[in-house]
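Structure data follow from my_file.cif (mmCIF, C-alpha atoms):
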```
data_run
#
loop_
_atom_site.label_atom_id
_atom_site.label_comp_id
_atom_site.auth_asym_id
_atom_site.auth_seq_id
_atom_site.Cartn_x
_atom_site.Cartn_y
_atom_site.Cartn_z
CA VAL U 1 -54.57 31.20 25.85
CA TYR U 2 -52.09 32.50 28.42
CA HIS U 3 -48.46 32.50 27.38
CA ASP U 4 -45.24 34.31 28.24
CA ASP U 5 -45.14 36.32 25.00
CA ASN U 6 -41.51 36.32 23.75
CA PHE U 7 -40.00 35.47 27.13
CA LEU U 8 -38.36 32.20 26.02
CA MET U 9 -37.06 33.41 22.66
CA ASN U 10 -35.36 36.71 23.47
CA GLY U 11 -31.99 35.66 24.86
CA LEU U 12 -28.41 35.78 23.63
CA VAL U 13 -29.27 33.86 20.46
CA SER U 14 -32.38 34.39 18.36
CA ALA U 15 -34.94 31.66 17.71
CA ASN U 16 -33.29 30.97 14.33
CA ARG U 17 -29.84 30.76 15.98
CA VAL U 18 -28.53 34.18 14.93
CA PRO U 19 -26.29 35.55 17.74
CA HIS U 20 -27.53 38.75 19.36
CA PRO U 21 -25.02 41.54 20.10
CA GLY U 22 -25.24 40.70 23.80
CA LEU U 23 -23.48 37.38 23.13
CA LEU U 24 -20.36 39.25 21.99
CA VAL U 25 -20.41 41.23 25.23
CA LEU U 26 -20.69 37.97 27.19
CA LYS U 27 -17.75 36.51 25.28
CA LYS U 28 -15.60 39.53 26.16
CA VAL U 29 -16.58 39.54 29.83
CA TYR U 30 -15.98 35.79 30.17
CA GLN U 31 -12.59 35.68 28.39
CA TYR U 32 -9.89 33.86 30.33
CA MET U 33 -6.94 35.76 28.92
CA THR U 34 -6.58 39.39 29.92
CA ALA U 35 -3.96 42.08 29.56
CA GLU U 36 -3.21 45.28 31.42
CA PRO U 37 -0.95 48.18 30.48
CA VAL U 38 2.25 48.45 32.49
CA ASP U 39 4.03 51.22 30.56
CA LEU U 40 2.57 51.73 27.11
CA ALA U 41 5.16 54.36 26.25
CA ARG U 42 7.73 51.56 26.48
CA GLY U 43 5.45 48.91 25.02
CA GLU U 44 5.06 47.00 28.30
CA ILE U 45 1.91 45.01 28.99
CA GLU U 46 1.06 42.31 31.51
CA VAL U 47 -0.75 39.21 30.24
CA THR U 48 -2.68 37.11 32.76
CA ASN U 49 -3.83 33.51 32.31
CA GLY U 50 -7.21 33.11 33.98
CA TYR U 51 -7.56 29.41 33.17
CA ALA U 52 -7.44 27.00 36.10
CA PHE U 53 -5.69 24.11 34.31
CA VAL U 54 -4.61 25.28 30.85
CA ASP U 55 -1.42 27.14 29.97
CA LEU U 56 -1.42 29.61 27.10
CA SER U 57 0.88 27.69 24.76
CA GLY U 58 -2.13 26.79 22.63
CA PHE U 59 -2.76 30.43 21.74
CA ASP U 60 -1.04 33.00 19.54
CA GLY U 61 -0.95 36.67 20.44
CA PHE U 62 -0.97 39.59 18.01
CA TRP U 63 -0.76 43.37 18.34
CA GLU U 64 -1.54 46.27 16.04
CA LEU U 65 -1.02 50.00 16.41
CA LEU U 66 -3.70 52.20 14.88
CA GLY U 67 -4.15 55.90 14.27
CA ASP U 68 -7.81 56.84 13.81
CA GLY U 69 -8.54 53.32 12.55
CA GLU U 70 -5.57 53.15 10.15
CA VAL U 71 -3.12 50.32 10.90
CA LEU U 72 0.36 51.81 11.43
CA ALA U 73 2.24 48.72 12.61
CA THR U 74 1.59 45.08 13.51
CA GLY U 75 3.43 42.24 15.20
CA GLU U 76 3.19 38.97 17.10
CA LEU U 77 3.56 38.49 20.83
CA PRO U 78 6.33 36.13 21.99
CA ALA U 79 5.33 32.56 22.87
CA LEU U 80 2.62 32.64 25.53
CA ASN U 81 4.06 30.03 27.87
CA ILE U 82 2.12 31.34 30.84
CA GLY U 83 0.84 28.82 33.37
CA PRO U 84 -2.65 28.68 34.92
CA GLY U 85 -3.30 31.66 37.18
CA GLU U 86 0.04 33.27 36.30
CA SER U 87 0.94 36.63 34.77
CA ARG U 88 3.90 37.82 32.74
CA THR U 89 5.11 41.22 31.52
CA ILE U 90 5.73 41.36 27.78
CA ASN U 91 7.57 44.02 25.81
CA LEU U 92 6.13 44.97 22.44
CA PRO U 93 8.39 46.61 19.80
CA LEU U 94 6.05 49.53 19.21
CA PRO U 95 7.45 52.07 16.75
CA ALA U 96 8.01 55.66 17.74
CA VAL U 97 5.06 57.81 16.73
CA ASP U 98 5.06 61.50 15.96
CA PRO U 99 1.48 62.45 16.96
CA GLN U 100 -0.43 64.15 14.18
CA PRO U 101 -3.09 66.81 14.85
CA GLY U 102 -6.46 65.45 15.88
CA ILE U 103 -5.52 61.76 15.59
CA GLU U 104 -6.15 59.16 18.33
CA TYR U 105 -3.77 56.22 18.71
CA TRP U 106 -4.82 52.77 19.90
CA LEU U 107 -3.09 49.50 20.73
CA ASN U 108 -5.17 46.41 19.93
CA LEU U 109 -4.28 42.96 21.27
CA SER U 110 -5.77 39.73 19.91
CA PHE U 111 -5.40 36.19 21.28
CA ARG U 112 -6.27 33.37 18.87
CA LEU U 113 -6.23 29.58 18.67
CA ALA U 114 -2.83 28.29 17.50
CA ALA U 115 -4.32 25.05 16.11
CA ASP U 116 -7.64 23.62 15.00
CA THR U 117 -9.91 22.33 17.73
CA ALA U 118 -13.16 20.37 17.77
CA TRP U 119 -15.10 23.62 18.31
CA ALA U 120 -13.21 26.24 16.26
CA SER U 121 -10.48 26.55 13.66
CA ARG U 122 -6.98 27.91 14.01
CA GLY U 123 -7.01 31.71 14.10
CA HIS U 124 -10.34 31.97 15.94
CA GLU U 125 -10.15 34.91 18.35
CA VAL U 126 -10.84 33.91 21.96
CA ALA U 127 -9.87 37.16 23.72
CA TRP U 128 -8.88 40.75 22.99
CA GLU U 129 -7.92 44.00 24.68
CA GLN U 130 -7.69 47.61 23.54
CA PHE U 131 -5.74 50.49 25.05
CA LYS U 132 -5.69 54.16 24.10
CA LEU U 133 -2.15 55.53 23.91
CA ASP U 134 -1.20 58.79 25.57
CA LEU U 135 -0.25 60.41 22.27
CA ALA U 136 -1.99 63.55 21.09
CA ALA U 137 -1.47 66.77 19.17
CA PRO U 138 -4.02 69.60 19.12
CA ALA U 139 -6.49 69.45 16.27
CA PRO U 140 -6.40 72.37 13.82
CA GLU U 141 -9.05 74.99 14.44
CA LEU U 142 -11.58 76.26 11.99
CA ASP U 143 -10.25 79.53 10.59
CA VAL U 144 -13.47 81.54 10.61
CA ASP U 145 -11.85 84.65 9.16
CA ALA U 146 -10.82 82.73 6.03
CA MET U 147 -14.31 81.35 5.37
CA PRO U 148 -16.70 82.58 2.67
CA PRO U 149 -19.36 85.01 3.92
CA LEU U 150 -22.91 84.10 4.91
CA ALA U 151 -26.21 85.70 3.96
CA VAL U 152 -29.24 85.76 6.29
CA ASP U 153 -32.87 86.15 5.29
CA GLU U 154 -35.88 86.22 7.64
CA GLY U 155 -39.50 86.07 6.59
CA ASP U 156 -42.68 83.97 6.58
CA GLY U 157 -41.62 82.25 9.79
CA LEU U 158 -38.37 81.01 8.25
CA ILE U 159 -34.75 81.88 8.95
CA THR U 160 -32.49 81.12 5.97
CA VAL U 161 -28.70 81.14 6.24
CA SER U 162 -26.90 80.71 2.92
CA GLY U 163 -23.23 80.17 2.18
CA GLU U 164 -20.99 79.03 -0.61
CA GLY U 165 -22.59 75.81 -1.89
CA PHE U 166 -25.07 75.29 0.95
CA ARG U 167 -28.26 76.62 2.50
CA VAL U 168 -29.92 75.87 5.84
CA VAL U 169 -33.51 76.90 6.55
CA PHE U 170 -34.87 77.04 10.12
CA ASP U 171 -38.54 76.86 11.08
CA ALA U 172 -38.81 79.61 13.70
CA ALA U 173 -42.04 78.26 15.21
CA ALA U 174 -40.86 74.65 15.52
CA GLY U 175 -37.27 75.52 16.46
CA THR U 176 -35.85 72.98 14.01
CA VAL U 177 -34.09 72.76 10.67
CA ALA U 178 -36.69 72.66 7.90
CA SER U 179 -34.14 72.06 5.14
CA PHE U 180 -30.39 71.64 4.77
CA GLN U 181 -29.05 71.55 1.22
CA ALA U 182 -25.54 71.32 -0.16
CA ALA U 183 -24.71 71.27 -3.86
CA GLU U 184 -28.48 71.24 -4.45
CA THR U 185 -28.80 67.95 -2.55
CA GLU U 186 -31.22 67.75 0.38
CA LEU U 187 -29.40 66.37 3.44
CA ILE U 188 -31.99 66.81 6.20
CA ARG U 189 -35.70 66.29 5.66
CA SER U 190 -36.68 67.52 9.15
CA GLY U 191 -35.18 68.05 12.58
CA PRO U 192 -33.01 67.86 14.59
CA ARG U 193 -35.70 68.01 17.26
CA PRO U 194 -35.42 67.30 21.01
CA ASN U 195 -35.86 63.63 21.81
CA PHE U 196 -36.15 61.97 25.21
CA TRP U 197 -37.85 58.72 24.22
CA ARG U 198 -36.89 55.28 22.96
CA ALA U 199 -38.96 52.28 21.92
CA PRO U 200 -39.13 50.23 25.16
CA THR U 201 -36.93 47.14 25.33
CA ASP U 202 -38.04 43.82 26.83
CA ASN U 203 -36.35 44.83 30.10
CA ASP U 204 -38.02 48.25 29.98
CA ARG U 205 -41.45 46.69 29.63
CA GLY U 206 -40.71 44.32 32.48
CA ASN U 207 -39.87 47.09 34.96
CA GLY U 208 -42.78 49.41 34.14
CA PHE U 209 -40.69 51.86 32.11
CA PRO U 210 -43.39 52.70 29.49
CA GLU U 211 -45.84 53.89 32.15
CA ARG U 212 -43.31 55.40 34.56
CA CYS U 213 -41.41 57.38 31.94
CA ALA U 214 -44.40 58.32 29.77
CA PRO U 215 -44.01 62.09 30.44
CA TRP U 216 -40.77 62.04 28.43
CA LYS U 217 -42.55 60.47 25.48
CA THR U 218 -45.10 63.27 25.27
CA ALA U 219 -42.42 65.87 26.00
CA SER U 220 -40.46 64.78 22.91
CA GLY U 221 -43.27 66.03 20.69
CA ASN U 222 -44.39 68.99 22.79
CA TRP U 223 -41.54 71.46 22.86
CA ARG U 224 -43.01 74.96 22.73
CA VAL U 225 -40.66 77.60 21.36
CA THR U 226 -40.90 80.77 23.42
CA SER U 227 -38.29 82.87 21.61
CA SER U 228 -35.83 82.82 18.73
CA THR U 229 -32.85 85.04 18.01
CA VAL U 230 -30.49 85.49 15.09
CA GLU U 231 -27.06 86.98 15.68
CA SER U 232 -24.29 87.56 13.15
CA LYS U 233 -20.86 87.18 14.75
CA GLY U 234 -18.85 88.34 11.79
CA SER U 235 -19.26 87.80 8.08
CA ALA U 236 -18.86 84.00 8.29
CA GLU U 237 -20.62 83.05 11.55
CA VAL U 238 -24.32 83.25 12.42
CA GLU U 239 -25.95 81.91 15.56
CA VAL U 240 -29.62 80.93 15.50
CA ARG U 241 -30.94 80.21 18.99
CA PHE U 242 -34.29 78.84 20.14
CA GLU U 243 -35.54 78.93 23.72
CA GLY U 244 -38.50 76.85 24.81
CA GLU U 245 -40.29 74.84 27.46
CA PHE U 246 -42.19 71.58 27.89
CA ALA U 247 -45.71 71.57 29.24
CA ASP U 248 -45.43 67.92 30.27
CA VAL U 249 -42.21 67.92 32.31
CA GLY U 250 -41.62 71.65 32.77
CA GLY U 251 -38.16 73.08 32.72
CA ALA U 252 -36.30 75.24 30.22
CA LYS U 253 -34.61 74.22 27.02
CA SER U 254 -32.42 75.88 24.42
CA VAL U 255 -31.06 74.76 21.08
CA SER U 256 -28.32 76.78 19.44
CA TYR U 257 -27.16 76.46 15.83
CA LYS U 258 -23.89 78.17 14.96
CA VAL U 259 -23.58 78.27 11.19
CA PHE U 260 -20.15 78.87 9.67
CA GLY U 261 -19.13 79.87 6.15
CA SER U 262 -17.41 76.50 5.77
CA GLY U 263 -20.77 74.74 5.92
CA ASP U 264 -20.23 73.54 9.49
CA ILE U 265 -23.21 73.83 11.85
CA VAL U 266 -22.46 73.42 15.56
CA VAL U 267 -25.56 72.32 17.45
CA GLU U 268 -25.79 72.75 21.22
CA HIS U 269 -28.72 71.18 23.07
CA ALA U 270 -29.25 72.19 26.70
CA PHE U 271 -32.04 71.26 29.11
CA THR U 272 -32.84 72.17 32.71
CA PRO U 273 -35.75 70.13 34.12
CA ALA U 274 -38.31 71.65 36.44
CA GLU U 275 -38.04 71.06 40.17
CA GLY U 276 -40.07 68.22 41.61
CA GLU U 277 -40.28 64.50 41.04
CA LEU U 278 -39.66 63.27 37.52
CA PRO U 279 -38.77 59.77 36.30
CA GLU U 280 -35.47 58.89 34.69
CA LEU U 281 -34.90 59.98 31.09
CA PRO U 282 -34.91 57.18 28.52
CA ARG U 283 -32.48 59.23 26.41
CA PHE U 284 -31.20 62.77 25.95
CA GLY U 285 -30.67 63.62 22.33
CA MET U 286 -32.04 64.91 19.06
CA GLN U 287 -33.76 63.13 16.20
CA MET U 288 -33.71 64.09 12.56
CA VAL U 289 -34.98 62.57 9.33
CA ALA U 290 -32.58 62.19 6.38
CA PRO U 291 -33.79 61.43 2.86
CA GLY U 292 -33.50 57.89 1.60
CA GLY U 293 -30.52 57.22 -0.63
CA PHE U 294 -27.83 57.93 1.96
CA GLU U 295 -27.60 54.21 2.65
CA THR U 296 -23.95 53.89 3.71
CA VAL U 297 -23.34 54.61 7.37
CA THR U 298 -19.72 54.95 8.51
CA TRP U 299 -18.61 55.76 12.04
CA TYR U 300 -15.59 56.04 14.30
CA GLY U 301 -16.61 54.65 17.66
CA ARG U 302 -17.57 51.34 19.23
CA GLY U 303 -18.67 48.60 16.88
CA PRO U 304 -19.33 46.92 14.64
CA HIS U 305 -22.40 45.70 16.54
CA GLU U 306 -24.79 47.73 18.71
CA SER U 307 -23.69 48.95 22.13
CA TYR U 308 -25.25 50.75 25.09
CA TRP U 309 -24.01 52.61 28.16
CA ASP U 310 -24.08 49.46 30.29
CA ARG U 311 -23.46 46.96 27.47
CA LYS U 312 -20.45 48.06 25.44
CA ALA U 313 -17.52 46.05 26.84
CA GLY U 314 -17.57 43.76 23.79
CA ALA U 315 -17.26 46.52 21.19
CA ARG U 316 -13.87 47.84 20.12
CA VAL U 317 -13.33 51.47 19.16
CA GLY U 318 -12.63 51.61 15.44
CA VAL U 319 -13.84 52.81 12.05
CA TYR U 320 -16.76 50.76 10.75
CA SER U 321 -19.08 50.92 7.77
CA GLY U 322 -22.23 49.20 6.54
CA THR U 323 -25.67 49.89 5.19
CA VAL U 324 -28.42 51.55 7.20
CA GLU U 325 -30.46 48.37 6.85
CA GLU U 326 -27.64 46.32 8.40
CA GLN U 327 -27.81 48.37 11.61
CA PHE U 328 -31.28 46.97 12.41
CA VAL U 329 -31.20 44.18 15.01
CA ASP U 330 -34.19 41.89 14.48
CA TYR U 331 -35.16 41.03 18.04
CA SER U 332 -38.12 38.68 18.49
CA GLU U 333 -40.26 41.70 19.32
CA PRO U 334 -39.35 45.11 17.81
CA GLN U 335 -37.76 47.52 20.29
CA GLU U 336 -34.90 49.97 20.69
CA ASN U 337 -31.89 48.58 18.80
CA GLY U 338 -28.80 49.38 16.77
CA ASN U 339 -27.36 52.10 19.02
CA LYS U 340 -23.62 52.86 18.80
CA THR U 341 -21.71 54.45 21.71
CA ASP U 342 -18.51 56.49 22.20
CA VAL U 343 -18.79 57.77 18.63
CA ARG U 344 -16.33 60.39 17.45
CA TRP U 345 -18.07 60.91 14.11
CA VAL U 346 -20.69 59.30 11.88
CA SER U 347 -21.62 59.88 8.24
CA LEU U 348 -24.52 58.98 5.97
CA THR U 349 -23.52 58.94 2.30
CA ASN U 350 -24.90 58.02 -1.10
CA PRO U 351 -23.08 55.88 -3.72
CA GLU U 352 -21.20 58.95 -4.96
CA GLY U 353 -19.84 59.69 -1.47
CA ALA U 354 -21.94 62.80 -0.84
CA GLY U 355 -23.95 63.11 2.32
CA LEU U 356 -24.01 64.27 5.91
CA LEU U 357 -21.28 64.18 8.56
CA VAL U 358 -21.97 64.49 12.31
CA VAL U 359 -19.03 65.00 14.68
CA GLY U 360 -19.32 64.68 18.46
CA GLU U 361 -17.87 67.32 20.75
CA PRO U 362 -16.33 65.14 21.95
CA LEU U 363 -18.52 61.99 21.89
CA ILE U 364 -22.06 61.10 20.84
CA ALA U 365 -24.22 58.01 20.39
CA PHE U 366 -26.27 57.37 17.26
CA SER U 367 -28.65 55.05 15.50
CA ALA U 368 -29.97 55.06 11.93
CA HIS U 369 -32.99 53.07 10.76
CA HIS U 370 -35.59 52.87 8.03
CA TYR U 371 -38.17 52.67 10.82
CA THR U 372 -39.49 55.34 13.17
CA THR U 373 -39.47 55.09 16.95
CA GLU U 374 -43.23 54.60 16.81
CA ASP U 375 -42.80 51.73 14.33
CA LEU U 376 -40.45 49.98 16.75
CA GLU U 377 -42.77 50.59 19.69
CA THR U 378 -46.13 49.62 18.26
CA ALA U 379 -45.37 46.58 16.08
CA LYS U 380 -45.56 43.13 17.65
CA HIS U 381 -43.41 41.55 14.95
CA SER U 382 -40.79 43.05 12.64
CA PHE U 383 -42.65 42.00 9.47
CA GLU U 384 -45.54 44.22 10.57
CA MET U 385 -43.43 47.38 10.41
CA GLU U 386 -43.58 49.65 7.39
CA TYR U 387 -40.20 50.01 5.70
CA ARG U 388 -39.69 53.73 5.11
CA GLN U 389 -37.46 55.24 2.46
CA ASP U 390 -36.41 58.08 4.75
CA ILE U 391 -33.90 57.46 7.53
CA THR U 392 -34.62 58.13 11.20
CA PHE U 393 -31.28 59.42 12.48
CA ASN U 394 -30.82 59.74 16.26
CA ILE U 395 -27.89 61.79 17.61
CA ASP U 396 -27.75 61.41 21.40
CA MET U 397 -25.66 62.48 24.31
CA GLN U 398 -26.65 59.27 26.06
CA GLN U 399 -29.39 56.73 26.68
CA THR U 400 -30.25 55.12 30.00
CA GLY U 401 -28.69 51.66 29.96
CA VAL U 402 -30.70 48.63 28.94
CA GLY U 403 -30.29 46.75 32.23
CA GLY U 404 -30.70 42.99 32.30
CA ASP U 405 -30.37 41.72 35.88
CA THR U 406 -33.86 40.37 35.27
CA SER U 407 -36.48 41.07 32.62
CA TRP U 408 -39.41 41.04 35.07
CA GLY U 409 -38.85 44.04 37.30
CA ALA U 410 -35.17 44.96 37.78
CA ARG U 411 -34.36 48.48 36.70
CA THR U 412 -31.14 49.74 35.15
CA HIS U 413 -28.35 50.33 37.67
CA ASP U 414 -28.23 53.89 38.99
CA LYS U 415 -24.79 54.62 37.50
CA TYR U 416 -26.15 53.87 34.02
CA THR U 417 -29.36 55.85 34.47
CA LEU U 418 -30.04 59.34 33.12
CA TRP U 419 -31.56 61.22 36.04
CA PRO U 420 -33.45 64.50 35.51
CA GLU U 421 -30.80 67.16 36.07
CA PRO U 422 -29.35 69.99 33.98
CA MET U 423 -27.50 68.57 31.00
CA SER U 424 -26.15 69.68 27.65
CA TYR U 425 -24.12 68.39 24.75
CA SER U 426 -23.05 69.52 21.32
CA PHE U 427 -22.16 68.14 17.92
CA ARG U 428 -21.13 69.47 14.53
CA ILE U 429 -22.93 68.85 11.23
CA ARG U 430 -21.13 69.21 7.91
CA PRO U 431 -22.02 68.39 4.29
CA LEU U 432 -19.86 65.79 2.56
CA THR U 433 -19.22 66.10 -1.16
CA ALA U 434 -18.06 63.43 -3.56
CA THR U 435 -14.90 65.38 -4.45
CA GLY U 436 -14.18 67.12 -1.13
CA PRO U 437 -12.20 66.09 1.96
CA SER U 438 -13.02 62.76 3.60
CA ALA U 439 -15.20 62.39 6.68
CA MET U 440 -12.11 61.63 8.76
CA GLU U 441 -10.28 64.74 7.56
CA LEU U 442 -13.26 66.99 8.27
CA ALA U 443 -13.90 65.37 11.65
CA ARG U 444 -10.43 66.28 12.90
CA ARG U 445 -11.22 69.99 12.72
CA VAL U 446 -12.63 71.72 15.78
CA ARG U 447 -14.53 74.92 16.39
#
```

Step by step, read the file and then write its structure as structure tokens.
Amino acid sequence: VYHDDNFLMNGLVSANRVPHPGLLVLKKVYQYMTAEPVDLARGEIEVTNGYAFVDLSGFDGFWELLGDGEVLATGELPALNIGPGESRTINLPLPAVDPQPGIEYWLNLSFRLAADTAWASRGHEVAWEQFKLDLAAPAPELDVDAMPPLAVDEGDGLITVSGEGFRVVFDAAAGTVASFQAAETELIRSGPRPNFWRAPTDNDRGNGFPERCAPWKTASGNWRVTSSTVESKGSAEVEVRFEGEFADVGGAKSVSYKVFGSGDIVVEHAFTPAEGELPELPRFGMQMVAPGGFETVTWYGRGPHESYWDRKAGARVGVYSGTVEEQFVDYSEPQENGNKTDVRWVSLTNPEGAGLLVVGEPLIAFSAHHYTTEDLETAKHSFEMEYRQDITFNIDMQQTGVGGDTSWGARTHDKYTLWPEPMSYSFRIRPLTATGPSAMELARRVR
């Protein structure tokens, strides 16, 4: 019998009335109260009433000053007696801040109902804004000379770099990490490996993405390593570099791993596509597999819900935490989901607090699931997918946006599309220990 598949049950709210992340974006875009910075150094903002007939006396305004997610000061806005279509400049008593190394400072504004209504209770947030303050101090650098020394061993197709309390083993033929251990705990099961593919979304399927972009799917699994080099740059720094090519899309690719005596590994992923016509890239990133047990995911970036390049207006920058399982968005048909954008750092940890930290240089996107990309792509319903103990951990520079003008042919806008051109990005991996510095402290250090 002919039917429209999941066409009438894949909107802003699921079939069982659970809001999808897109509804929070819609709420933000449609909000009738807005604010703009006038002079943040002096605490001046301009609040605009976008209602046609309602003044803002029925709403309370609040502000908070944060440093890397930590609340430093809070306060209330003066009475919002702003008429329909009018604007007013408001002065906030922001405290003086002495910028600390590596810390970002944000001003959050929240507008909430001042009294109960028929549709929501007092305190319900109806609008918000977020501004980054122009306050910064250079982050401390890694002091390589003060780090413990590294040892390098090559043999049987493996490159092993060992340091104080950790060991990373590279597979020379595959050009990936075969093992990364710290304090005798395995942190990476396999990868990172080049990844250009995502499980097609409803919009992707509607515009022919799976067929048009298929070369990038096969390319993700067909990187051929053409050379590998190992170079010691002092007693506490070793660079392992892999060069390669893709038979499916051509071009040249390199992945560099700079291992430091501190346990930091700086990964740089660079790609130059071949000349000629190629479709847009679904994503540009790397995928690794982490062992099950690191079930707490914490990140500093947009959240707490999923966000994408062209669908992130409704997600504040902050520090968020939850389980890996909670990052899965159960759409009516399995597809790409759970991505987080503008991420400064992300960690996967076990109940003791040990695990893996990934820091963007400067920003990354990530997702973490107990399902593989293939699981998300091939299952018709979520209950058909096999729950896997291991964690598929994607660390991306970017994904092509998810679009949404229509779901039956419209493609993602050009400005949110990854076109085949030379690109590169880097991130830093670091073991976390139960008794060592926190993820935030380690993330503030740079190369």

Could you state which residues are captured by the PyMOL selection byres ((chain U and resi 236-240) around 9) in this file, as a PDB file with C-alpha atoms, keeping the file's coordinate frame?
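Contents of the output file out.pdb:
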```pdb
ATOM      1  CA  VAL U 144     -13.470  81.540  10.610  1.00  0.00           C
ATOM      2  CA  ASP U 145     -11.850  84.650   9.160  1.00  0.00           C
ATOM      3  CA  ALA U 146     -10.820  82.730   6.030  1.00  0.00           C
ATOM      4  CA  MET U 147     -14.310  81.350   5.370  1.00  0.00           C
ATOM      5  CA  PRO U 148     -16.700  82.580   2.670  1.00  0.00           C
ATOM      6  CA  PRO U 149     -19.360  85.010   3.920  1.00  0.00           C
ATOM      7  CA  LEU U 150     -22.910  84.100   4.910  1.00  0.00           C
ATOM      8  CA  ALA U 151     -26.210  85.700   3.960  1.00  0.00           C
ATOM      9  CA  VAL U 152     -29.240  85.760   6.290  1.00  0.00           C
ATOM     10  CA  ILE U 159     -34.750  81.880   8.950  1.00  0.00           C
ATOM     11  CA  VAL U 161     -28.700  81.140   6.240  1.00  0.00           C
ATOM     12  CA  GLY U 163     -23.230  80.170   2.180  1.00  0.00           C
ATOM     13  CA  PHE U 170     -34.870  77.040  10.120  1.00  0.00           C
ATOM     14  CA  SER U 228     -35.830  82.820  18.730  1.00  0.00           C
ATOM     15  CA  THR U 229     -32.850  85.040  18.010  1.00  0.00           C
ATOM     16  CA  VAL U 230     -30.490  85.490  15.090  1.00  0.00           C
ATOM     17  CA  GLU U 231     -27.060  86.980  15.680  1.00  0.00           C
ATOM     18  CA  SER U 232     -24.290  87.560  13.150  1.00  0.00           C
ATOM     19  CA  LYS U 233     -20.860  87.180  14.750  1.00  0.00           C
ATOM     20  CA  GLY U 234     -18.850  88.340  11.790  1.00  0.00           C
ATOM     21  CA  SER U 235     -19.260  87.800   8.080  1.00  0.00           C
ATOM     22  CA  ARG U 241     -30.940  80.210  18.990  1.00  0.00           C
ATOM     23  CA  PHE U 242     -34.290  78.840  20.140  1.00  0.00           C
ATOM     24  CA  VAL U 255     -31.060  74.760  21.080  1.00  0.00           C
ATOM     25  CA  SER U 256     -28.320  76.780  19.440  1.00  0.00           C
ATOM     26  CA  TYR U 257     -27.160  76.460  15.830  1.00  0.00           C
ATOM     27  CA  LYS U 258     -23.890  78.170  14.960  1.00  0.00           C
ATOM     28  CA  VAL U 259     -23.580  78.270  11.190  1.00  0.00           C
ATOM     29  CA  PHE U 260     -20.150  78.870   9.670  1.00  0.00           C
ATOM     30  CA  GLY U 261     -19.130  79.870   6.150  1.00  0.00           C
ATOM     31  CA  SER U 262     -17.410  76.500   5.770  1.00  0.00           C
TER      32      SER U 262
END
```

One number please: CA of Gly409 (chain U) to CA of Thr378 (chain U), in Å, one decimal.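 Going from CA of Gly409 (chain U) over to CA of Thr378 (chain U) covers 21.1 Å.
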
Given the file shown, determine the residues that the PyMOL selection byres ((chain U and resi 81-93) around 7) selects; report them as a PyMOL selection string. chain U and resi 43-57+79-80+94-95

Got a sec to resolve the PyMOL selection byres ((chain U and resi 108-122) around 9) on this structure and send the residues as a ChimeraX atom specification? /U:33,35,57-66,106-107,123-132,316

Hey, can you check how far CA of Met9 (chain U) sits from CA of Gly404 (chain U)?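 If I compute the distance from CA of Met9 (chain U) to CA of Gly404 (chain U), I get 15.0 Å.
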
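Closest approach to Arg444 (chain U) among U:Asp390, U:Glu141, U:Glu377, U:Glu275: U:Glu141, based on only C-alpha atoms.
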
Can you tell me, as JSON, numbers by chain, what residues are no more than 10 Å from Asn350 (chain U) when counting only C-alpha atoms, ignoring any on the same chain fewer than 2 positions away? {"U": [292, 293, 294, 295, 296, 297, 348, 352, 353, 354, 355, 356, 432, 433, 434]}

Expressed in Å to a single decimal, how great is the separation between CA of Lys27 (chain U) and CA of His305 (chain U)?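 So the answer is 13.5 Å.
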
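Look at Ala410 (chain U): the protein and nucleic acid residues within 10 Å of it, using all atoms listed in the file and passing over chain neighbours fewer than 3 places away, are Asn203, Asp204, Gly206, Asn207, Gly208, Gly403, Gly404, Asp405, Thr406, Ser407 and His413 of chain U.
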
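Using all atoms listed in the file, the set of residues no farther than 8 Å from the position (-26.2, 56.7, 24.3) comprises Arg283, Tyr308, Trp309, Asn339, Lys340, Thr341, Asp342, Ile364, Ala365, Phe366, Asp396, Met397, Gln398, Gln399, Thr400 and Gly401 of chain U.
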
Measuring between only C-alpha atoms, which one of U:Ser190, U:Thr176, U:Thr417, U:Thr435 shows the shortest distance to Asp310 (chain U)?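 Among the listed residues, U:Thr417 lies closest to Asp310 (chain U).
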
Can you pull out every residue within 10 Å of Pro210 (chain U), counting only C-alpha atoms, but drop anything in the same chain fewer than 3 positions away, and send it as number ranges by chain? U: 197-201, 204-207, 213-217, 282

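You can rank U:Val225, U:Ala315, U:Ile395, U:Ala73 by their closest distance to Leu23 (chain U) using all atoms listed in the file, and at the top of that list sits U:Ala315.
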
Could you check which residues have any atom within 9 Å of (-36.0, 53.9, 18.7), counting all atoms listed in the file with coordinates taken straight from the file, and then list them as a compact mmCIF listing (two decimals) with C-alpha atoms, in the coordinates of the input?
```
# COMPACT_ATOMS: atom_id res chain seq x y z
CA TRP U 197 -37.85 58.72 24.22
CA ARG U 198 -36.89 55.28 22.96
CA ALA U 199 -38.96 52.28 21.92
CA PRO U 200 -39.13 50.23 25.16
CA GLN U 335 -37.76 47.52 20.29
CA GLU U 336 -34.90 49.97 20.69
CA ASN U 337 -31.89 48.58 18.80
CA GLY U 338 -28.80 49.38 16.77
CA ASN U 339 -27.36 52.10 19.02
CA SER U 367 -28.65 55.05 15.50
CA HIS U 369 -32.99 53.07 10.76
CA TYR U 371 -38.17 52.67 10.82
CA THR U 372 -39.49 55.34 13.17
CA THR U 373 -39.47 55.09 16.95
CA GLU U 374 -43.23 54.60 16.81
CA ASP U 375 -42.80 51.73 14.33
CA LEU U 376 -40.45 49.98 16.75
CA GLU U 377 -42.77 50.59 19.69
CA THR U 392 -34.62 58.13 11.20
CA ASN U 394 -30.82 59.74 16.26
```
